[in-house]
Every structure is written in C-alpha cells, then in structure tokens.
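To start, the structure itself, in structure tokens.
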Amino acid sequence: MRISRIYTEQPLAPGNPIELEGPQAHYLSKVLRLKVNARLILFNGDGYEYQSLITAVNKHNITINIEEAVRAVTESPLHSILGLGLSRGERMDLAIQKSTELGVTEIVPLFTEFSEVKLQAERLQKKLRHWQQIAISACEQSGRNHIPVIHPPVQLSDWCKALDCDCKLIFEPGANEVKLRQKQLTHVALLIGPEGGFSAQELNHASNSGFQSLSLGPRILRTETAPIAALTVLQMLWGDFDI
C-alpha cells in the first residue's frame, strides 16, 4: 500500500509529535480513512522526508509521532524559472501542476497583452493561494520535498528586464530552431505565452532582454501543453532525466 505524503508548514523533528487539524485531518481520517498506527510521510520544504506514525485520531485533529528524518534527493540540479502568461482557470492550474511534477523551481504568472485574465487585489491573493495549493498537492504526489515558488503576477516587460539568468528561452511556434546542446547549465528561464500568444511588442521586449526563440516542432501546442513539453526537454538536457 502506498504511504501518503503530507505537507505541513510546522517545524518537524524526530521525537517531536505534531497535530494536524482542519482540512488535513479531515482528508486523512475521513477520505483516506487512516487509523491509529497508520504510517505517513511528512515534509515541510526543508529537503527531508519525515517517517511518521499516527498515534491518535480525534474528531478535529490527528496526532502524529515523527520517527525518522530521511534526506531524499528528488530535486533537479537545474534551476528552472517558468514565466507563464496568465490563462483561464483549468489551463493555468494544469500548467502549474505538471510543471511542478517536472521539477520547476519558480513560476512567474505574467500579465500579457493577449491574456484574457484580469486579477484585482482580492482575487489575486485568492488565486495565489489556489496556485500554491496546486503546487503543494503536486509535490505530495510526485515525491518532491521542496515547494516551487509561485510569484505574484507581474507585467511581462517588467519581468524580462529584471530577469538575470544563464539561459533565456521563449517558446514561440514557428521560431527558428535553437541548438540547445551546449555546456552544462544550472539556471534556465523559459517564457510561454497565454492562449492568444505574444504580441509583436512583447516578442521585441523578450528579444531585447536576451531571450532566444525556441520551437518544439511544427505543431502548435496549447498553453498548458507547452510548459510540459519544454520542461521535459530541459530536464533531459540539463536536469535529472537520464534517458
């Protein structure tokens, strides 16, 4: 039986019991129906997995004893930064989920000219919490012990000007083929547009900021598919995909 992995922001250390409450306690006791003596893996983003045991299940909380801290190497050696044009609902969610599974380090949602998503202050904070939870759930499922950083959305032009990175790539269908096989890189930034793509001015901003155009073949990929394909290529070249 697969052991559940649960993220918590609490400090974790062997011998120090913790309590999980609210949605996490409900999920473990009511959805997974875990009982006393069931085993769990906890993590809090410090790079360790904590082998744990449920010692008490109450109506509103679960008590867990932490038995052992194990250093688990699941992070890619490639620091990848994904600049992602804001897209609607499930498309953005899927891009964040799958990018997390593929080892992305940072995700920067971008306001672009052709983006149909408009976020005001209150809705923006709600969206950020939603995206962060998607990344956490993807880490729980995929075995990652570090949560990727989900940055607040910024204008594409501002991000391009401020970005400092070894290699900058913009995914643009129909672009001239870029030869990516070069010396080992440790930091790569990838720029992917929303459903409507980039405007001519945005492409000019990216080019002037050092982005090279990248094409992944003759087919046009959807905005939620493009980061999956591009990050897979980058992990094969400079990450931890050993094929």
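Residue numbering restarts at 1 in every chain; chains get A, B, ... in the order shown in the structure tokens, and ligands count up from 1 in that same order.
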Notebook entry, point to check: Looking only at the backbone, which of the residues in region 78-183 of chain A does DSSP tag as strand (DSSP E), as a count of residues only?
Noted result: 22
Checklist line | Selection: 9 Å around region 109-126 of chain A, only C-alpha atoms, excl. self and same-chain fewer than 6 positions, as a list in words | finding: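 Contacts, with the query itself left out: Leu82, Gly83, Leu84, Gly85, Leu86, Ser87, Arg88, Gly89, Ile150, His151, Pro152, Pro153, Val154, Gln155, Leu156, Ser157, Trp159, Gly193, Pro194, Glu195, Gly196, Gly197, Phe198, Ser199 and Glu202 of chain A.
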Note to self: What's around region 228-241 of chain A at 8 Å? Count only C-alpha atoms, leave out sequence neighbours fewer than 5 positions away in its own chain, and write the answer as a list in words.
What the structure shows: Ser76, Pro77, Leu78, Ala95, Lys98, Ser99, Leu102, Val104, Phe171, Leu180, Arg181, Gln184, Leu185, Thr186 and Leu216 of chain A
Saved selection, atoms kept: N, CA and C atoms, as a PDB file, in the first residue's frame:
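Written file, again24.pdb:
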ATOM      1  N   SER A  76      15.706  18.531  -9.002  1.00  0.00           N
ATOM      2  CA  SER A  76      16.555  18.589 -10.187  1.00  0.00           C
ATOM      3  C   SER A  76      17.759  19.501  -9.939  1.00  0.00           C
ATOM      4  N   PRO A  77      18.911  19.173 -10.514  1.00  0.00           N
ATOM      5  CA  PRO A  77      20.059  20.090 -10.423  1.00  0.00           C
ATOM      6  C   PRO A  77      19.859  21.354 -11.245  1.00  0.00           C
ATOM      7  N   LEU A  78      18.853  21.351 -12.121  1.00  0.00           N
ATOM      8  CA  LEU A  78      18.569  22.511 -12.959  1.00  0.00           C
ATOM      9  C   LEU A  78      17.587  23.441 -12.254  1.00  0.00           C
ATOM     10  N   ALA A  95      -1.078  23.710 -16.007  1.00  0.00           N
ATOM     11  CA  ALA A  95       0.310  24.085 -16.287  1.00  0.00           C
ATOM     12  C   ALA A  95       1.136  24.126 -15.005  1.00  0.00           C
ATOM     13  N   LYS A  98       1.580  20.313 -13.608  1.00  0.00           N
ATOM     14  CA  LYS A  98       2.514  19.481 -14.355  1.00  0.00           C
ATOM     15  C   LYS A  98       3.928  20.049 -14.342  1.00  0.00           C
ATOM     16  N   SER A  99       4.060  21.367 -14.321  1.00  0.00           N
ATOM     17  CA  SER A  99       5.388  21.972 -14.218  1.00  0.00           C
ATOM     18  C   SER A  99       6.037  21.624 -12.878  1.00  0.00           C
ATOM     19  N   LEU A 102       7.332  18.184 -12.981  1.00  0.00           N
ATOM     20  CA  LEU A 102       8.526  18.107 -13.830  1.00  0.00           C
ATOM     21  C   LEU A 102       9.718  18.830 -13.221  1.00  0.00           C
ATOM     22  N   VAL A 104      10.019  22.130 -11.875  1.00  0.00           N
ATOM     23  CA  VAL A 104      10.241  23.566 -11.993  1.00  0.00           C
ATOM     24  C   VAL A 104      10.557  24.165 -10.622  1.00  0.00           C
ATOM     25  N   PHE A 171       9.275  30.204 -25.818  1.00  0.00           N
ATOM     26  CA  PHE A 171       8.618  29.218 -26.670  1.00  0.00           C
ATOM     27  C   PHE A 171       7.714  29.948 -27.641  1.00  0.00           C
ATOM     28  N   LEU A 180      20.233  23.711 -28.548  1.00  0.00           N
ATOM     29  CA  LEU A 180      20.325  23.786 -27.094  1.00  0.00           C
ATOM     30  C   LEU A 180      21.470  22.976 -26.510  1.00  0.00           C
ATOM     31  N   ARG A 181      22.021  22.075 -27.279  1.00  0.00           N
ATOM     32  CA  ARG A 181      23.076  21.233 -26.723  1.00  0.00           C
ATOM     33  C   ARG A 181      24.369  22.045 -26.606  1.00  0.00           C
ATOM     34  N   GLN A 184      27.008  22.364 -19.793  1.00  0.00           N
ATOM     35  CA  GLN A 184      26.015  22.158 -18.746  1.00  0.00           C
ATOM     36  C   GLN A 184      25.576  23.485 -18.147  1.00  0.00           C
ATOM     37  N   LEU A 185      24.256  23.683 -18.081  1.00  0.00           N
ATOM     38  CA  LEU A 185      23.696  24.887 -17.484  1.00  0.00           C
ATOM     39  C   LEU A 185      23.043  24.550 -16.153  1.00  0.00           C
ATOM     40  N   THR A 186      23.022  25.531 -15.258  1.00  0.00           N
ATOM     41  CA  THR A 186      22.395  25.325 -13.949  1.00  0.00           C
ATOM     42  C   THR A 186      21.142  26.173 -13.772  1.00  0.00           C
ATOM     43  N   LEU A 216       9.453  23.715 -30.679  1.00  0.00           N
ATOM     44  CA  LEU A 216       9.467  22.288 -30.354  1.00  0.00           C
ATOM     45  C   LEU A 216       8.809  21.459 -31.454  1.00  0.00           C
TER      46      LEU A 216
END
Notebook entry, point to check: Per DSSP on the backbone, what are the alpha helix (DSSP H) residues of region 173-234 of chain A, as a count of residues only?
Noted result: 18
Checklist line | Non-local contacts of region 23-28 of chain A (9 Å; only C-alpha atoms; under 5 positions in same chain excluded) as a count of residues only | finding: 11
Note to self: Quick check, in Å to one decimal: how far apart do CA of Leu20 (chain A) and CA of Ala69 (chain A) lie?
What the structure shows: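 Between these atoms lies a distance of 18.3 Å.
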Next item on the list: Quote the spacing between CA of Ile192 (chain A) and CA of Ile243 (chain A) in Å to one decimal place.
Entry: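 Atom-to-atom, CA of Ile192 (chain A) to CA of Ile243 (chain A), that is 25.2 Å.
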Note to self: Between CA of Arg71 (chain A) and CA of Ser137 (chain A), what distance in Å does the model show, to one decimal?
What the structure shows: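 Between these atoms lies a distance of 20.0 Å.
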Item checked: Residue neighbourhood Ile3 (chain A), 7 Å, only C-alpha atoms, exclusion window fewer than 4 positions, as a list in words ->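 So the residues in contact are Arg39, Leu40 and Ile41 of chain A.
For the residues A:Ile54, A:Val70, A:Ile170, A:Val31, ranking by smallest atom-to-atom distance to Ala13 (chain A) using only C-alpha atoms places A:Val70 first.
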Item checked: Counting only C-alpha atoms, the residue of A:Arg129, A:Ala226, A:Asp164, A:Pro11 that sits nearest Ser209 (chain A) -> A:Asp164
Note to self: Please list as a PyMOL selection string every residue within 9 Å of His146 (chain A), counting only C-alpha atoms and excluding residues in the same chain fewer than 3 positions away.
What the structure shows: chain A and resi 43-48+74-75+105+136+139
Next item on the list: Check the smallest atom-to-atom distance from each of A:Val36, A:Arg2, A:Glu68, A:Thr223 to Pro14 (chain A) using only C-alpha atoms, then report the winner.
Entry: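 Closest residue, counting only C-alpha atoms: A:Glu68.
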